Amino acid sequence: MCGIIARIGENGAVDELMTGLRNLEYRGYDSAGIAVANEHGIEVRKREGETDALHALLSESPIDGPIGIGHTRWSTHGRPSDANAHPHTDDDGRVAVVHNGIIRNHDRLRNELVARGHEFESETDTEVVPHLVAASLDEGLDPEDAFRAAIERLEGSYAIAMIAEGYDAVYAARSGSPLVIGLDDDATYLASDVPAFLEFTEQVVYLEDDDVVVITDDGYRVTDLDGAALDRSSEVVDWAAGDAQKGAYNHFMRKEIDEQPVALRQAIEGRIDDDDRVDLSVFPNGELAEIDDVVFVACGTSYHAAMYGSRLLRRRGIRSTVARANEFAYDPLPVDEGTLIVAVTQSGETADTLASLRAAVGTDARTLAVTNVVGSTAAREADETLFIRAGPEIGVAATKTFSSQVAALALLAERIADEQEAVPLPVADGGLDRSQLLADLRRLPDAIESVVASDDALRLAERYRDADSYFFIGRGVGYPVALEGALKFKEITYDHAEGFAAGQLKHGPLALVTSNTVVIATFTGRNDEQTIHNVQEAKSRGAPVIGIGPESSTAAREAVDEYLSVPDVVPELAGVLANAHLQLLAYHAAELRDRAIDKPRNLAKSVTVE
Ligand code: F6R
């Protein structure tokens with residue numbers, strides 16, 4: 001949802017800013033721009049389209065300097081165009097600004113500035129910022145104080161970076177949108193996210209809301225809005241530069257699908273001891289004994305992982321519900337001191353999920369963030385954080401983080417159940433086999449490796465490429481997997497895809513099923529008989545059916561036209577493996593349609609506006 005980068009060091013800012021923008025393009029790709037401060041003053045180049053268009057512009061009309069800011073945009077106010085692309089400047093080009101977020105009171109500020117003679121060139125909310133700064137410069141303030149004065153007038157969310165003519169510094173601030181500093185011997189960076197500058201440095205400083213920062217070529221200074229100094233120390237991230245690069249792959253999505261064995265190993269590593277006890281370190285022993293209700297809040301793929309996790313908790317006899325984060329903040333569920341509110345969010349920056357987390361503050365409930373990003377807002381604002389340790393995910397379509405989220409939630413479910421000394425139903429009565437679950441969880445990385453290596457989905461993507469619609473169905477943990485399969489498919493192929501609880505088809509959606517509707521059914525080895533009935537209902541309306549399920553499920557295999565198998569594991573984990581086939585099905589289908597797989601139209605990875 002817009003990526004910003006700033007860099008100050010020796011001459012040569014533009015190359016590094018372009019690298020940063022390419023690394024941030026997953027946050028938005030409607031338009032891109034750069035501004036540098038050099039001996040000519042401030043020079044700006046910006047263009048509608050992806051960073052390649054900006055690169056072409058820079059080749060025709062090069063600029064460079066020691067200090068610069070850059071932006072890649074996902075439009076909120078104003079359509080994608082050269083004029084609306086960032087950076088934005090004041091009338092005289094004394095300052096240039098990039099911004100991620102939304103300035104809610106921009107109309108009022110713009111009217112006020114226009115009345116004072118300022119001329120605007122774009123339809124964006126951002127453009128008020130350079131004009132506000134310029135107004136304060138006119139009153140004699142220096143750039144830092146003028147920047148601070150402008151920030152104080154803003155309502156909404158922002159991460160903003162600014163350069164000023166004649167000053168060797170970048171001025172920045174954050175409120176509600178992420179911003180992190182990168183420290184290197186030769187240069188200092190600022191960006192929306194660590195991958196932007198991971199090629200240059202792994203030494204970072206996470207900023208907090210209402211921080212104002214000035215970076216220079218030899219470091220940084222952080223203050224609050226009133227100018228009082230704040231201590232923000234640096235740390236080394238445990239992501240390597242290669243983690244955020246495509247390497248030999250055509251797409252990040254494919255790379256990240258293939259990284260699932262590693263991601264799962266990292267998610268599980270050191271968290272199950274030899275006595276099958278789950279150690280999550282964030283919770284000292286006994287901490288979760290009083291939890292009697294777990295409420296998940298999440299969006300998109302993380303919502304599906306939360307649905308999956310909620311089912312695992314319920315299998316262990318723990319009450320659990322899942323709320324869409326975009327609704328929970330406005331239509332909250334009743335919670336009390338026995339409630340654990342779990343915000344599941346890969347980025348830790350999704351505005352809807354943060355709004356839900358904030359709605360929980362002030363209640364008696366405890367909060368837990370389950371996230372991939374150290375230093376993210378969710379990690380800082382929740383009472384506790386459980387990191388999923390999947391490594392950076394750059395493709396807009398979430399893949400490896402879904403598997404790692406489910407693994408982390410499976411561990412959480414076991415840990416809560418252990419502390420409550422919950423006695424599972426006997427396996428013979430349909431209860432969960434706890435020791436088998438933990439054994440299979442340890443085996444999951446190898447099992448998923450065999451699924452992604454098989455790549456059987458390619459043949460089916462080719463065979464069914466001309467269907468009108470793709471319906472994904474499943475039951476139990478197969479239901480969130482069906483929803484996730486459909487989300488992935490529609491997101492990157494742009495074809496119509498819907499996910500349903502298998503039993504729901506006959507309550508309406510079956511009216512849409514024809515011989516041109518491909519039905520993709522997930523089997524887990526639990527209650528498959530009922531799902532086979534639902535498959536038959538679709539088949540008798542002429543629909544071809546692809547089944548995905550355990551190797552040994554003969555009945556499921558025989559009920560469908562095509563079958564993609566996964567290694568036999570407990571039903572509770574079979575969905576994670578089936579999902580890897582669905583990711584590959586969507587990937588190949590999108591490739592056959594020549595889609596922009598890593599940057600699907602209208603989307604961005606980190607959705608930092610509500
Ligand atoms: C889909 C996808 C999105 C995100 C959603 C939440 O492939 O990536 O649906 O899952 O925007 O993002 P996080 O997990 O960062 O809160």
# chains A, B, ... in the order shown; residues from 1 in each chain; ligands from 1
>>> residues_near_ligand(ligand="ligand 1", cutoff="10 Å", atoms="only C-alpha atoms and all ligand atoms", output="ChimeraX atom specification")
/A:253,297-305,325,343-354,370-373,378,393-399,401-402,405,484-485,487-492,583,600,603-608
>>> write_last_selection(atoms="C-alpha atoms", output="PDB file, in the first residue's frame")
ATOM      1  CA  MET A 253       5.231 -16.512  -5.767  1.00  0.00           C
ATOM      2  CA  VAL A 297      -9.206 -11.423  13.859  1.00  0.00           C
ATOM      3  CA  ALA A 298      -7.587 -11.373  10.433  1.00  0.00           C
ATOM      4  CA  CYS A 299      -8.050 -10.567   6.741  1.00  0.00           C
ATOM      5  CA  GLY A 300      -7.629 -12.439   3.464  1.00  0.00           C
ATOM      6  CA  THR A 301      -5.251 -15.385   3.554  1.00  0.00           C
ATOM      7  CA  SER A 302      -4.515 -14.759   7.226  1.00  0.00           C
ATOM      8  CA  TYR A 303      -8.266 -15.006   7.869  1.00  0.00           C
ATOM      9  CA  HIS A 304      -8.248 -18.442   6.259  1.00  0.00           C
ATOM     10  CA  ALA A 305      -5.270 -19.489   8.397  1.00  0.00           C
ATOM     11  CA  ALA A 325     -10.921  -7.912  11.051  1.00  0.00           C
ATOM     12  CA  ALA A 343      -4.576 -11.067  15.411  1.00  0.00           C
ATOM     13  CA  VAL A 344      -3.173 -13.134  12.549  1.00  0.00           C
ATOM     14  CA  THR A 345      -1.322 -10.932  10.085  1.00  0.00           C
ATOM     15  CA  GLN A 346       1.655 -11.717   7.881  1.00  0.00           C
ATOM     16  CA  SER A 347       2.769  -8.108   7.575  1.00  0.00           C
ATOM     17  CA  GLY A 348       1.668  -6.964  11.000  1.00  0.00           C
ATOM     18  CA  GLU A 349       0.577  -3.743   9.282  1.00  0.00           C
ATOM     19  CA  THR A 350      -2.896  -4.484   7.877  1.00  0.00           C
ATOM     20  CA  ALA A 351      -5.028  -1.508   8.921  1.00  0.00           C
ATOM     21  CA  ASP A 352      -8.223  -3.538   9.409  1.00  0.00           C
ATOM     22  CA  THR A 353      -6.434  -6.016  11.660  1.00  0.00           C
ATOM     23  CA  LEU A 354      -4.744  -3.259  13.633  1.00  0.00           C
ATOM     24  CA  VAL A 370       0.742 -13.975  15.142  1.00  0.00           C
ATOM     25  CA  THR A 371       2.926 -12.334  12.533  1.00  0.00           C
ATOM     26  CA  ASN A 372       5.915 -12.726  10.251  1.00  0.00           C
ATOM     27  CA  VAL A 373       7.417  -9.295  10.707  1.00  0.00           C
ATOM     28  CA  ALA A 378       0.922  -5.628  15.430  1.00  0.00           C
ATOM     29  CA  GLU A 393       7.309 -12.814   1.553  1.00  0.00           C
ATOM     30  CA  ILE A 394       7.369 -10.527  -1.464  1.00  0.00           C
ATOM     31  CA  GLY A 395       4.780 -11.984  -3.878  1.00  0.00           C
ATOM     32  CA  VAL A 396       1.454 -10.213  -3.370  1.00  0.00           C
ATOM     33  CA  ALA A 397      -0.300 -13.602  -3.140  1.00  0.00           C
ATOM     34  CA  ALA A 398       0.501 -15.032   0.295  1.00  0.00           C
ATOM     35  CA  THR A 399       1.742 -18.633   0.106  1.00  0.00           C
ATOM     36  CA  THR A 401       3.106 -17.594   5.256  1.00  0.00           C
ATOM     37  CA  PHE A 402      -0.251 -19.439   5.180  1.00  0.00           C
ATOM     38  CA  GLN A 405       0.664 -19.463  10.209  1.00  0.00           C
ATOM     39  CA  GLU A 484      -7.863 -19.999   0.317  1.00  0.00           C
ATOM     40  CA  GLY A 485      -7.638 -21.991  -2.933  1.00  0.00           C
ATOM     41  CA  LEU A 487      -8.806 -16.580  -3.211  1.00  0.00           C
ATOM     42  CA  LYS A 488      -5.425 -17.491  -4.693  1.00  0.00           C
ATOM     43  CA  PHE A 489      -7.007 -18.543  -7.988  1.00  0.00           C
ATOM     44  CA  LYS A 490      -9.130 -15.413  -8.510  1.00  0.00           C
ATOM     45  CA  GLU A 491      -6.413 -13.098  -7.244  1.00  0.00           C
ATOM     46  CA  ILE A 492      -3.820 -14.033  -9.828  1.00  0.00           C
ATOM     47  CA  GLN A 583      -1.248 -22.679  -4.777  1.00  0.00           C
ATOM     48  CA  PRO A 600      -1.976  -8.713  -9.658  1.00  0.00           C
ATOM     49  CA  LEU A 603      -3.922  -5.221  -5.346  1.00  0.00           C
ATOM     50  CA  ALA A 604      -0.984  -4.550  -3.052  1.00  0.00           C
ATOM     51  CA  LYS A 605       0.587  -6.740  -0.426  1.00  0.00           C
ATOM     52  CA  SER A 606       0.377  -4.615   2.641  1.00  0.00           C
ATOM     53  CA  VAL A 607      -3.024  -2.961   3.005  1.00  0.00           C
ATOM     54  CA  THR A 608      -2.397  -0.105   5.398  1.00  0.00           C
TER      55      THR A 608
END
>>> residues_around(residues="A:Asp455", least_positions_apart="3", cutoff="8 Å", atoms="only C-alpha atoms", output="PyMOL selection string")
chain A and resi 451-452+458+581+584
>>> closest_residue(among="A:Asp226, A:Asp138, A:Asp468, A:Asp238", to="A:Thr514", atoms="only C-alpha atoms")
A:Asp468
>>> closest_residue(among="A:Ala408, A:Leu437, A:Ala382, A:Ile546", to="A:Arg463", atoms="only C-alpha atoms")
A:Ile546
>>> residues_around(residues="A:Ala501", least_positions_apart="6", cutoff="6 Å", atoms="only C-alpha atoms", output="list of chain:residue names")
A:Ile473, A:Gly474, A:Arg475, A:Tyr479
>>> write_last_selection(atoms="N, CA and C atoms", output="compact mmCIF listing (two decimals), in the first residue's frame")
# COMPACT_ATOMS: atom_id res chain seq x y z
N ILE A 473 -14.28 -26.59 -2.86
CA ILE A 473 -15.09 -27.03 -1.71
C ILE A 473 -14.24 -27.85 -0.74
N GLY A 474 -14.67 -27.85 0.51
CA GLY A 474 -13.97 -28.64 1.53
C GLY A 474 -14.78 -28.64 2.81
N ARG A 475 -14.39 -29.50 3.70
CA ARG A 475 -15.12 -29.68 4.97
C ARG A 475 -14.12 -29.68 6.11
N TYR A 479 -12.36 -26.68 4.62
CA TYR A 479 -13.16 -25.51 4.23
C TYR A 479 -12.30 -24.24 4.11
>>> select_by_dssp(residues="stretch 178-395 of chain A", states="strand (DSSP E or B)", output="MDAnalysis selection string")
chainID A and resid 180:183 187:191 203:206 212:216 219:223 229 235:236 272 278 293:298 319:324 339:345 361 363 366:371 384:387
